[in-house]
>>> print(open('target23.cif').read())   # mmCIF, C-alpha atoms
data_start
#
loop_
_atom_site.label_atom_id
_atom_site.label_comp_id
_atom_site.auth_asym_id
_atom_site.auth_seq_id
_atom_site.Cartn_x
_atom_site.Cartn_y
_atom_site.Cartn_z
CA MET A 1 -69.67 -99.77 3.08
CA GLU A 2 -68.82 -99.44 6.72
CA THR A 3 -71.04 -101.10 9.30
CA ILE A 4 -72.31 -99.18 12.32
CA LYS A 5 -72.79 -101.09 15.53
CA ILE A 6 -73.57 -99.16 18.66
CA GLN A 7 -74.33 -100.95 21.91
CA GLY A 8 -77.43 -99.75 23.70
CA THR A 9 -77.16 -98.08 27.09
CA GLU A 10 -79.74 -96.89 29.61
CA ASP A 11 -80.10 -93.63 27.69
CA THR A 12 -79.03 -94.42 24.14
CA PRO A 13 -80.44 -97.00 21.72
CA LYS A 14 -78.73 -99.96 20.17
CA ILE A 15 -78.04 -99.24 16.53
CA ILE A 16 -77.06 -101.65 13.79
CA LEU A 17 -76.63 -100.43 10.25
CA ASP A 18 -75.19 -103.29 8.24
CA ALA A 19 -75.78 -102.99 4.50
CA GLU A 20 -73.89 -106.17 3.61
CA ASN A 21 -76.00 -108.41 5.86
CA GLU A 22 -79.10 -106.28 5.35
CA ILE A 23 -79.64 -105.61 9.02
CA MET A 24 -80.86 -102.20 10.07
CA GLU A 25 -82.15 -101.67 13.54
CA ILE A 26 -82.67 -98.94 16.12
CA SER A 27 -83.88 -100.30 19.45
CA GLY A 28 -84.11 -99.56 23.15
CA ARG A 29 -84.22 -96.20 24.83
CA SER A 30 -83.34 -92.86 23.38
CA LEU A 31 -82.64 -89.83 25.55
CA PRO A 32 -79.04 -89.00 24.70
CA GLU A 33 -77.45 -85.98 26.30
CA ASP A 34 -76.78 -84.50 22.89
CA VAL A 35 -79.25 -85.92 20.35
CA SER A 36 -77.75 -84.23 17.31
CA SER A 37 -74.26 -85.57 17.79
CA PHE A 38 -75.56 -89.01 18.80
CA TYR A 39 -77.60 -89.41 15.60
CA GLU A 40 -75.15 -87.66 13.30
CA PRO A 41 -73.31 -90.88 12.28
CA VAL A 42 -76.66 -92.51 11.54
CA ILE A 43 -77.75 -89.68 9.23
CA ASN A 44 -74.34 -89.67 7.55
CA TRP A 45 -74.46 -93.42 7.07
CA LEU A 46 -77.93 -93.18 5.52
CA ASN A 47 -76.80 -90.41 3.18
CA GLU A 48 -74.01 -92.61 1.91
CA TYR A 49 -76.21 -95.72 1.78
CA ALA A 50 -78.92 -93.85 -0.18
CA GLU A 51 -76.51 -93.35 -3.06
CA ASN A 52 -76.31 -97.04 -3.69
CA PRO A 53 -78.85 -98.94 -1.57
CA ASN A 54 -79.64 -102.64 -1.49
CA LYS A 55 -82.45 -103.95 -3.65
CA LYS A 56 -84.70 -103.88 -0.63
CA THR A 57 -84.21 -101.82 2.51
CA ILE A 58 -86.00 -102.87 5.69
CA ILE A 59 -85.33 -100.84 8.79
CA ASN A 60 -86.59 -101.93 12.19
CA PHE A 61 -87.47 -99.47 14.93
CA LYS A 62 -87.98 -101.19 18.25
CA LEU A 63 -87.86 -98.41 20.77
CA THR A 64 -89.26 -98.66 24.27
CA TYR A 65 -88.84 -94.97 25.04
CA PHE A 66 -87.68 -91.83 23.31
CA ASN A 67 -87.72 -88.22 24.47
CA THR A 68 -89.11 -85.32 22.46
CA ALA A 69 -85.68 -84.23 21.22
CA SER A 70 -85.10 -87.76 19.87
CA SER A 71 -88.50 -87.72 18.18
CA LYS A 72 -87.27 -84.91 15.98
CA LEU A 73 -84.12 -86.81 15.00
CA LEU A 74 -86.11 -89.98 14.34
CA LEU A 75 -88.21 -87.96 11.94
CA ASP A 76 -85.05 -86.81 10.16
CA ILE A 77 -84.08 -90.46 9.72
CA LEU A 78 -87.53 -91.37 8.44
CA MET A 79 -87.48 -88.46 6.01
CA LYS A 80 -84.19 -89.71 4.64
CA LEU A 81 -85.87 -93.07 4.01
CA GLU A 82 -88.82 -91.30 2.42
CA GLU A 83 -86.42 -89.59 0.04
CA MET A 84 -85.05 -92.99 -0.99
CA HIS A 85 -88.57 -94.26 -1.51
CA GLU A 86 -89.39 -91.24 -3.67
CA LYS A 87 -86.41 -92.02 -5.86
CA GLY A 88 -87.93 -95.41 -6.58
CA HIS A 89 -86.05 -97.57 -4.11
CA ASP A 90 -87.80 -100.38 -2.26
CA VAL A 91 -87.99 -99.24 1.38
CA LEU A 92 -89.97 -100.63 4.31
CA ILE A 93 -90.14 -99.31 7.85
CA ARG A 94 -91.12 -101.73 10.58
CA TRP A 95 -92.26 -100.03 13.76
CA HIS A 96 -92.25 -102.47 16.68
CA TYR A 97 -94.06 -101.54 19.87
CA PRO A 98 -94.91 -103.36 23.11
CA GLU A 99 -98.50 -104.52 22.73
CA ASP A 100 -99.58 -102.72 25.90
CA ASP A 101 -97.96 -99.43 24.94
CA GLU A 102 -100.56 -97.30 23.19
CA ASP A 103 -98.36 -94.23 23.17
CA MET A 104 -95.61 -96.02 21.27
CA GLU A 105 -98.17 -97.42 18.84
CA GLU A 106 -99.58 -93.95 18.32
CA ALA A 107 -96.10 -92.51 17.81
CA GLY A 108 -95.67 -95.01 14.96
CA GLU A 109 -99.02 -93.99 13.46
CA GLU A 110 -97.99 -90.36 13.59
CA TYR A 111 -94.73 -90.97 11.80
CA ALA A 112 -96.57 -93.03 9.20
CA ASP A 113 -98.87 -90.03 8.65
CA ILE A 114 -96.00 -87.62 8.20
CA VAL A 115 -93.74 -89.58 5.91
CA ASP A 116 -94.80 -91.15 2.67
CA VAL A 117 -93.06 -94.50 2.83
CA PRO A 118 -94.29 -98.10 3.34
CA PHE A 119 -94.77 -98.47 7.07
CA GLU A 120 -95.62 -101.58 9.03
CA GLN A 121 -96.71 -101.61 12.66
CA VAL A 122 -95.70 -104.72 14.62
CA ALA A 123 -96.92 -105.38 18.17
CA TYR A 124 -94.84 -107.64 20.40
CA SER A 125 -95.40 -108.98 23.88
CA MET B 1 -72.74 -73.72 63.50
CA ASN B 2 -70.12 -73.78 66.20
CA ASN B 3 -72.36 -73.53 69.13
CA LYS B 4 -74.70 -76.18 70.36
CA LYS B 5 -77.80 -74.06 70.19
CA ASP B 6 -77.35 -73.38 66.46
CA VAL B 7 -76.84 -77.06 65.78
CA LYS B 8 -79.97 -77.90 67.69
CA GLY B 9 -81.91 -75.24 65.80
CA PHE B 10 -80.66 -76.59 62.54
CA LEU B 11 -81.53 -80.18 63.39
CA GLU B 12 -84.97 -79.10 64.45
CA PHE B 13 -85.34 -77.40 61.11
CA VAL B 14 -84.32 -80.66 59.40
CA TYR B 15 -87.00 -82.51 61.32
CA GLU B 16 -89.63 -79.91 60.43
CA PHE B 17 -88.50 -80.14 56.84
CA TYR B 18 -88.79 -83.91 56.95
CA LYS B 19 -92.30 -83.73 58.43
CA SER B 20 -93.34 -81.21 55.86
CA MET B 21 -92.02 -83.43 53.07
CA LYS B 22 -94.03 -86.33 54.47
CA ALA B 23 -97.15 -84.17 54.77
CA HIS B 24 -96.83 -83.20 51.12
CA GLU B 25 -96.00 -86.79 50.14
CA ILE B 26 -92.75 -85.71 48.52
CA THR B 27 -90.65 -88.67 47.50
CA LEU B 28 -87.81 -86.84 45.80
CA ILE B 29 -86.51 -83.31 46.13
CA TYR B 30 -83.45 -81.67 44.67
CA GLU B 31 -82.03 -78.20 44.29
CA GLY B 32 -79.05 -77.49 42.10
CA GLU B 33 -77.71 -77.89 38.64
CA ILE B 34 -79.72 -80.29 36.51
CA THR B 35 -77.35 -82.29 34.38
CA HIS B 36 -77.84 -85.32 32.22
CA GLN B 37 -76.35 -87.51 34.99
CA ILE B 38 -78.90 -86.13 37.44
CA THR B 39 -81.70 -86.81 34.97
CA LYS B 40 -80.56 -90.41 34.59
CA ALA B 41 -80.17 -90.93 38.33
CA PHE B 42 -83.60 -89.50 39.21
CA THR B 43 -85.48 -91.34 36.51
CA SER B 44 -83.90 -94.66 37.38
CA LEU B 45 -84.51 -94.13 41.11
CA THR B 46 -88.16 -93.28 40.52
CA GLU B 47 -88.50 -96.18 38.12
CA SER B 48 -87.22 -98.70 40.62
CA ASN B 49 -89.48 -97.26 43.33
CA MET B 50 -92.50 -97.50 41.05
CA SER B 51 -91.77 -101.05 40.07
CA LYS B 52 -91.30 -101.99 43.74
CA ASP B 53 -94.77 -100.52 44.32
CA ASP B 54 -96.19 -102.54 41.40
CA GLU B 55 -97.32 -99.41 39.65
CA PRO B 56 -98.96 -100.29 36.29
CA ASN B 57 -96.59 -100.11 33.29
CA SER B 58 -98.57 -97.36 31.66
CA VAL B 59 -98.28 -95.18 34.78
CA GLN B 60 -94.55 -95.88 35.06
CA ARG B 61 -94.02 -94.92 31.44
CA LYS B 62 -95.96 -91.67 31.82
CA VAL B 63 -94.09 -90.64 34.96
CA PHE B 64 -90.80 -91.41 33.22
CA HIS B 65 -91.78 -89.32 30.20
CA VAL B 66 -92.86 -86.34 32.27
CA MET B 67 -89.76 -86.46 34.49
CA VAL B 68 -87.38 -86.50 31.54
CA GLU B 69 -89.11 -83.62 29.77
CA CYS B 70 -89.31 -81.52 32.95
CA LEU B 71 -85.67 -82.11 33.85
CA GLN B 72 -84.53 -81.39 30.32
CA ASN B 73 -86.62 -78.22 30.26
CA ILE B 74 -84.49 -76.92 33.11
CA SER B 75 -81.18 -78.15 31.76
CA LYS B 76 -81.89 -76.79 28.29
CA HIS B 77 -83.94 -73.68 28.97
CA ALA B 78 -83.10 -72.32 32.41
CA ASP B 79 -81.84 -68.88 31.64
CA ASP B 80 -78.20 -68.07 31.38
CA PHE B 81 -77.39 -65.62 34.10
CA THR B 82 -73.86 -64.50 33.65
CA SER B 83 -73.62 -62.98 37.09
CA SER B 84 -72.43 -64.93 40.07
CA ASP B 85 -76.07 -65.15 41.09
CA TYR B 86 -77.00 -68.54 42.47
CA LEU B 87 -79.78 -68.72 39.95
CA PHE B 88 -77.52 -69.48 37.07
CA SER B 89 -78.04 -71.56 34.00
CA GLY B 90 -79.36 -75.05 34.31
CA ARG B 91 -80.22 -74.75 38.00
CA GLY B 92 -83.53 -75.27 39.59
CA ILE B 93 -85.57 -77.27 42.02
CA PHE B 94 -87.16 -80.55 41.12
CA LEU B 95 -89.58 -82.58 43.14
CA VAL B 96 -91.75 -85.62 42.77
CA SER B 97 -94.66 -86.40 45.03
CA LYS B 98 -96.83 -89.43 45.22
CA GLY B 99 -100.40 -89.17 46.42
CA ASP B 100 -103.11 -91.81 46.68
CA ASN B 101 -104.41 -91.04 43.22
CA GLU B 102 -101.63 -89.35 41.37
CA TYR B 103 -97.98 -88.52 40.98
CA SER B 104 -96.93 -84.97 40.51
CA VAL B 105 -93.71 -83.63 39.10
CA THR B 106 -92.81 -80.03 39.90
CA THR B 107 -89.96 -77.92 38.65
CA GLY B 108 -88.91 -74.41 39.53
CA ASN B 109 -86.29 -72.28 37.84
CA ALA B 110 -85.43 -68.67 37.30
CA VAL B 111 -86.47 -67.04 34.06
CA GLU B 112 -86.03 -63.55 32.69
CA ASN B 113 -89.21 -61.50 32.99
CA ASP B 114 -89.40 -60.87 29.28
CA LYS B 115 -90.04 -64.59 28.77
CA ILE B 116 -93.12 -64.65 30.99
CA GLU B 117 -95.50 -63.48 28.32
CA TYR B 118 -94.22 -66.03 25.83
CA LEU B 119 -94.33 -68.90 28.32
CA THR B 120 -97.81 -67.95 29.50
CA GLU B 121 -99.14 -67.82 25.97
CA LEU B 122 -97.48 -71.12 25.09
CA LEU B 123 -98.83 -72.91 28.15
CA GLU B 124 -102.32 -71.42 27.89
CA ASN B 125 -102.49 -72.43 24.28
CA ILE B 126 -101.42 -76.01 25.03
CA ASN B 127 -103.71 -76.22 28.06
CA LYS B 128 -106.82 -75.39 26.10
CA MET B 129 -106.08 -77.76 23.24
CA GLU B 130 -107.92 -81.03 22.78
CA LYS B 131 -106.21 -84.33 22.11
CA ASP B 132 -106.39 -84.12 18.33
CA GLU B 133 -105.20 -80.53 18.22
CA LEU B 134 -102.21 -81.42 20.37
CA LYS B 135 -101.39 -84.30 18.08
CA GLU B 136 -101.42 -82.01 15.04
CA LEU B 137 -99.37 -79.38 16.85
CA TYR B 138 -96.79 -81.99 17.88
CA LYS B 139 -96.51 -83.29 14.34
CA ARG B 140 -96.19 -79.81 12.90
CA GLN B 141 -93.60 -78.72 15.45
CA MET B 142 -91.59 -81.91 14.90
CA LYS B 143 -91.58 -81.28 11.15
CA GLU B 144 -91.03 -77.55 11.09
CA GLY B 145 -89.32 -76.83 14.38
CA ARG B 146 -85.59 -76.71 14.76
CA LEU B 147 -83.44 -78.02 17.54
CA SER B 148 -82.07 -75.22 19.66
CA GLU B 149 -78.36 -75.00 20.35
CA LYS B 150 -78.90 -76.89 23.59
CA GLY B 151 -80.96 -79.54 21.89
CA GLY B 152 -84.47 -78.43 22.81
CA ALA B 153 -87.13 -79.28 20.26
CA GLY B 154 -89.95 -77.13 21.66
CA LEU B 155 -92.01 -80.27 22.15
CA GLY B 156 -91.76 -80.87 25.89
CA PHE B 157 -94.91 -79.10 27.11
CA ILE B 158 -97.01 -80.54 24.30
CA ASP B 159 -95.73 -84.02 25.11
CA ILE B 160 -96.49 -83.64 28.83
CA LYS B 161 -100.06 -82.55 28.17
CA ARG B 162 -100.54 -85.39 25.70
CA LYS B 163 -99.10 -88.04 28.01
CA THR B 164 -100.92 -86.92 31.15
CA GLY B 165 -104.15 -85.61 29.64
CA LYS B 166 -104.06 -82.93 32.32
CA GLU B 167 -103.48 -79.23 32.25
CA LEU B 168 -100.04 -77.99 33.19
CA GLU B 169 -100.24 -75.78 36.24
CA TYR B 170 -97.77 -72.92 36.45
CA HIS B 171 -96.95 -69.87 38.43
CA PHE B 172 -94.46 -67.01 38.25
CA LEU B 173 -93.10 -65.46 41.42
CA PRO B 174 -91.01 -62.28 41.28
CA ILE B 175 -87.33 -62.59 42.26
CA SER B 176 -86.10 -59.19 41.15
CA ASP B 177 -86.96 -56.48 38.62
CA ASP B 178 -85.67 -58.64 35.78
CA THR B 179 -86.23 -62.20 36.90
CA SER B 180 -88.96 -64.45 38.17
CA PHE B 181 -89.21 -67.94 39.53
CA PHE B 182 -91.14 -70.17 37.16
CA LEU B 183 -92.95 -73.08 38.79
CA LEU B 184 -94.57 -75.84 36.80
CA THR B 185 -96.51 -78.88 38.00
CA SER B 186 -97.64 -81.86 35.98
CA THR B 187 -99.85 -84.57 37.43
CA ILE B 188 -100.07 -88.17 36.33
CA SER B 189 -103.06 -90.23 37.37
CA ARG B 190 -102.18 -93.50 39.11
CA SER B 191 -105.18 -95.32 37.76
CA GLU B 192 -104.78 -96.83 34.34
CA LEU B 193 -106.53 -94.83 31.70
#
>>> encode(input="target23.cif", output="structure tokens")
Amino acid sequence: METIKIQGTEDTPKIILDAENEIMEISGRSLPEDVSSFYEPVINWLNEYAENPNKKTIINFKLTYFNTASSKLLLDILMKLEEMHEKGHDVLIRWHYPEDDEDMEEAGEEYADIVDVPFEQVAYS
Amino acid sequence: MNNKKDVKGFLEFVYEFYKSMKAHEITLIYEGEITHQITKAFTSLTESNMSKDDEPNSVQRKVFHVMVECLQNISKHADDFTSSDYLFSGRGIFLVSKGDNEYSVTTGNAVENDKIEYLTELLENINKMEKDELKELYKRQMKEGRLSEKGGAGLGFIDIKRKTGKELEYHFLPISDDTSFFLLTSTISRSEL
């Protein structure tokens, strides 16, 4: 399937969704002007991917900042992954946060509480 | 301002205005339409000022968070006034001040009077909530809430209270029979929590 590669900017995250090379990543800052249309291709890609996913799906979130509107869309993405997990697929979410950023760590914990899917917290310096 | 006296009066006003800004430790002030470009410009300006001042990372992050949510509140919620009134959609005032102990971010925008009750209830409710309650409310709203047409998630005030740990101060001043000016101030402590 098609690969999505979006370069990060000061207000939008870098996104790589590459099923063939098994690289899935959302990183950087997220405060797009229009969150819904920015994340629409990501949701669409996941919908298509979920029909025939890889044996193991690992998706890396390495965000340094996201606004409240993005938090809602991130949850939509995580819920899509939860759906895959419920169907018996092997899914892992890795939530990377700067080691001195308690709020980002807590945001990861909150998502892990809401969605029922294997969730790993990774601190980096 | 054709005549000299008017010019002088105006320039004197500018100087008074400048002094008053200094007295209130205002580092940024803006009146007008709040667009996404404005949001980006103000946050990056404030960010570079804070890093020049060696403000701790955690303080920088909190100020950034609060600024974005406040600016987006205006751009997404400021009421649509179809008249040629200057108080039309997406407009407002925005200011940041920096004191010895804290930053404060203040916004002001026109709202229809029938929203006052709702806003008051919403803010009072958030203000009296403890940390854990706010966390649950945020989670619930994220799960159950819907994005508005303009992309608001109804999470901004909750997020500000959570990030700052301080009550949101607000005030409504009457503009006309139907509209009021809604002022909101959030403060961010400059000492690391």
>>> resolve_selection(input="target23.cif", expression="the PyMOL selection byres ((chain B and resi 161-172) around 10)", output="JSON, numbers by chain")
{"A": [103], "B": [59, 61, 62, 63, 65, 66, 106, 107, 108, 109, 110, 111, 113, 116, 119, 120, 123, 124, 126, 127, 128, 129, 130, 131, 132, 134, 135, 138, 156, 157, 158, 159, 160, 173, 174, 175, 179, 180, 181, 182, 183, 184, 185, 186, 187, 188, 189, 193]}
>>> atom_distance(input="target23.cif", atom1="CA of Tyr103 in chain B", atom2="CA of Ser71 in chain A")
24.7 Å
>>> interface_residues(input="target23.cif", of="chain B", to="chain A", cutoff="9 Å", atoms="all atoms listed in the file", output="PyMOL selection string")
chain B and resi 35-37+40+57-58+61+65+68-69+135+139+141-143+145-147+150-156+159+163
>>> write_last_selection(input="target23.cif", atoms="C-alpha atoms", output="compact mmCIF listing (two decimals), in the frame of the given file")
# COMPACT_ATOMS: atom_id res chain seq x y z
CA THR B 35 -77.35 -82.29 34.38
CA HIS B 36 -77.84 -85.32 32.22
CA GLN B 37 -76.35 -87.51 34.99
CA LYS B 40 -80.56 -90.41 34.59
CA ASN B 57 -96.59 -100.11 33.29
CA SER B 58 -98.57 -97.36 31.66
CA ARG B 61 -94.02 -94.92 31.44
CA HIS B 65 -91.78 -89.32 30.20
CA VAL B 68 -87.38 -86.50 31.54
CA GLU B 69 -89.11 -83.62 29.77
CA LYS B 135 -101.39 -84.30 18.08
CA LYS B 139 -96.51 -83.29 14.34
CA GLN B 141 -93.60 -78.72 15.45
CA MET B 142 -91.59 -81.91 14.90
CA LYS B 143 -91.58 -81.28 11.15
CA GLY B 145 -89.32 -76.83 14.38
CA ARG B 146 -85.59 -76.71 14.76
CA LEU B 147 -83.44 -78.02 17.54
CA LYS B 150 -78.90 -76.89 23.59
CA GLY B 151 -80.96 -79.54 21.89
CA GLY B 152 -84.47 -78.43 22.81
CA ALA B 153 -87.13 -79.28 20.26
CA GLY B 154 -89.95 -77.13 21.66
CA LEU B 155 -92.01 -80.27 22.15
CA GLY B 156 -91.76 -80.87 25.89
CA ASP B 159 -95.73 -84.02 25.11
CA LYS B 163 -99.10 -88.04 28.01
>>> resolve_selection(input="target23.cif", expression="the PyMOL selection byres ((chain A and resi 97) around 9)", output="PDB file with C-alpha atoms, keeping the file's coordinate frame")
ATOM      1  CA  PHE A  61     -87.470 -99.470  14.930  1.00  0.00           C
ATOM      2  CA  LYS A  62     -87.980-101.190  18.250  1.00  0.00           C
ATOM      3  CA  LEU A  63     -87.860 -98.410  20.770  1.00  0.00           C
ATOM      4  CA  THR A  64     -89.260 -98.660  24.270  1.00  0.00           C
ATOM      5  CA  TRP A  95     -92.260-100.030  13.760  1.00  0.00           C
ATOM      6  CA  HIS A  96     -92.250-102.470  16.680  1.00  0.00           C
ATOM      7  CA  PRO A  98     -94.910-103.360  23.110  1.00  0.00           C
ATOM      8  CA  GLU A  99     -98.500-104.520  22.730  1.00  0.00           C
ATOM      9  CA  ASP A 100     -99.580-102.720  25.900  1.00  0.00           C
ATOM     10  CA  ASP A 101     -97.960 -99.430  24.940  1.00  0.00           C
ATOM     11  CA  GLU A 102    -100.560 -97.300  23.190  1.00  0.00           C
ATOM     12  CA  MET A 104     -95.610 -96.020  21.270  1.00  0.00           C
ATOM     13  CA  GLU A 105     -98.170 -97.420  18.840  1.00  0.00           C
ATOM     14  CA  GLY A 108     -95.670 -95.010  14.960  1.00  0.00           C
ATOM     15  CA  GLN A 121     -96.710-101.610  12.660  1.00  0.00           C
ATOM     16  CA  VAL A 122     -95.700-104.720  14.620  1.00  0.00           C
ATOM     17  CA  ALA A 123     -96.920-105.380  18.170  1.00  0.00           C
ATOM     18  CA  TYR A 124     -94.840-107.640  20.400  1.00  0.00           C
ATOM     19  CA  SER A 125     -95.400-108.980  23.880  1.00  0.00           C
TER      20      SER A 125
END
>>> resolve_selection(input="target23.cif", expression="the PyMOL selection byres ((chain A and resi 23) around 12)", output="list in words")
Thr3, Ile4, Lys5, Ile15, Ile16, Leu17, Asp18, Ala19, Glu20, Asn21, Glu22, Met24, Glu25, Ile26, Asn54, Lys56, Thr57, Ile58, Ile59, Asn60 and Phe61 of chain A
>>> atom_distance(input="target23.cif", atom1="CA of Ile77 in chain A", atom2="CA of Cys70 in chain B")
25.4 Å
>>> atom_distance(input="target23.cif", atom1="CA of Asp53 in chain B", atom2="CA of Lys22 in chain B")
17.5 Å
>>> closest_residue(input="target23.cif", among="B:Glu102, B:Glu136, B:Ser191, B:Glu112", to="Ile26 in chain B", atoms="all atoms listed in the file")
B:Glu102
>>> residues_around(input="target23.cif", residues="Lys14 in chain A", least_positions_apart="3", cutoff="7 Å", atoms="all atoms listed in the file", output="JSON, numbers by chain")
{"A": [6, 7, 8, 26, 27, 28]}
>>> closest_residue(input="target23.cif", among="B:Ser97, B:Ser75, B:Asn49, B:Thr43", to="Glu25 in chain B", atoms="all atoms listed in the file")
B:Ser97
>>> residues_around(input="target23.cif", residues="His24 in chain B", least_positions_apart="4", cutoff="10 Å", atoms="all atoms listed in the file", output="PyMOL selection string")
chain B and resi 18-20+97-99
>>> closest_residue(input="target23.cif", among="A:Val91, A:Glu48, A:Pro13, A:Phe38", to="Leu78 in chain A", atoms="all atoms listed in the file")
A:Val91
>>> closest_residue(input="target23.cif", among="B:Leu122, B:Phe42, B:Glu12, B:Ser48", to="Tyr30 in chain B", atoms="all atoms listed in the file")
B:Phe42
>>> closest_residue(input="target23.cif", among="B:Met67, B:Ile34, B:Phe10, B:Gln60", to="Val96 in chain B", atoms="all atoms listed in the file")
B:Met67
>>> build_atoms(input="target23.cif", residues="range 18-34 of chain A", atoms="N, CA and C atoms", output="compact mmCIF listing (two decimals), keeping the file's coordinate frame")
# COMPACT_ATOMS: atom_id res chain seq x y z
N ASP A 18 -76.07 -102.33 8.92
CA ASP A 18 -75.19 -103.29 8.24
C ASP A 18 -75.77 -103.57 6.85
N ALA A 19 -75.24 -102.87 5.86
CA ALA A 19 -75.78 -102.99 4.50
C ALA A 19 -75.50 -104.38 3.92
N GLU A 20 -74.31 -104.89 4.19
CA GLU A 20 -73.89 -106.17 3.61
C GLU A 20 -74.82 -107.31 4.04
N ASN A 21 -75.11 -107.36 5.35
CA ASN A 21 -76.00 -108.41 5.86
C ASN A 21 -77.46 -107.99 5.92
N GLU A 22 -77.74 -106.82 5.39
CA GLU A 22 -79.10 -106.28 5.35
C GLU A 22 -79.78 -106.25 6.71
N ILE A 23 -79.05 -105.78 7.69
CA ILE A 23 -79.64 -105.61 9.02
C ILE A 23 -79.61 -104.14 9.39
N MET A 24 -80.79 -103.60 9.64
CA MET A 24 -80.86 -102.20 10.07
C MET A 24 -81.84 -102.12 11.22
N GLU A 25 -81.32 -101.65 12.34
CA GLU A 25 -82.15 -101.67 13.54
C GLU A 25 -81.82 -100.52 14.49
N ILE A 26 -82.85 -99.92 15.06
CA ILE A 26 -82.67 -98.94 16.12
C ILE A 26 -83.60 -99.38 17.25
N SER A 27 -83.03 -99.74 18.41
CA SER A 27 -83.88 -100.30 19.45
C SER A 27 -83.45 -99.86 20.85
N GLY A 28 -84.40 -99.91 21.75
CA GLY A 28 -84.11 -99.56 23.15
C GLY A 28 -84.62 -98.18 23.52
N ARG A 29 -83.82 -97.50 24.32
CA ARG A 29 -84.22 -96.20 24.83
C ARG A 29 -83.41 -95.08 24.20
N SER A 30 -84.07 -93.97 23.96
CA SER A 30 -83.34 -92.86 23.38
C SER A 30 -83.59 -91.54 24.11
N LEU A 31 -82.63 -91.17 24.94
CA LEU A 31 -82.64 -89.83 25.55
C LEU A 31 -81.21 -89.36 25.71
N PRO A 32 -80.46 -89.37 24.60
CA PRO A 32 -79.04 -89.00 24.70
C PRO A 32 -78.88 -87.57 25.19
N GLU A 33 -77.73 -87.32 25.80
CA GLU A 33 -77.45 -85.98 26.30
C GLU A 33 -77.45 -84.98 25.15
N ASP A 34 -76.84 -85.37 24.05
CA ASP A 34 -76.78 -84.50 22.89
C ASP A 34 -77.32 -85.29 21.69
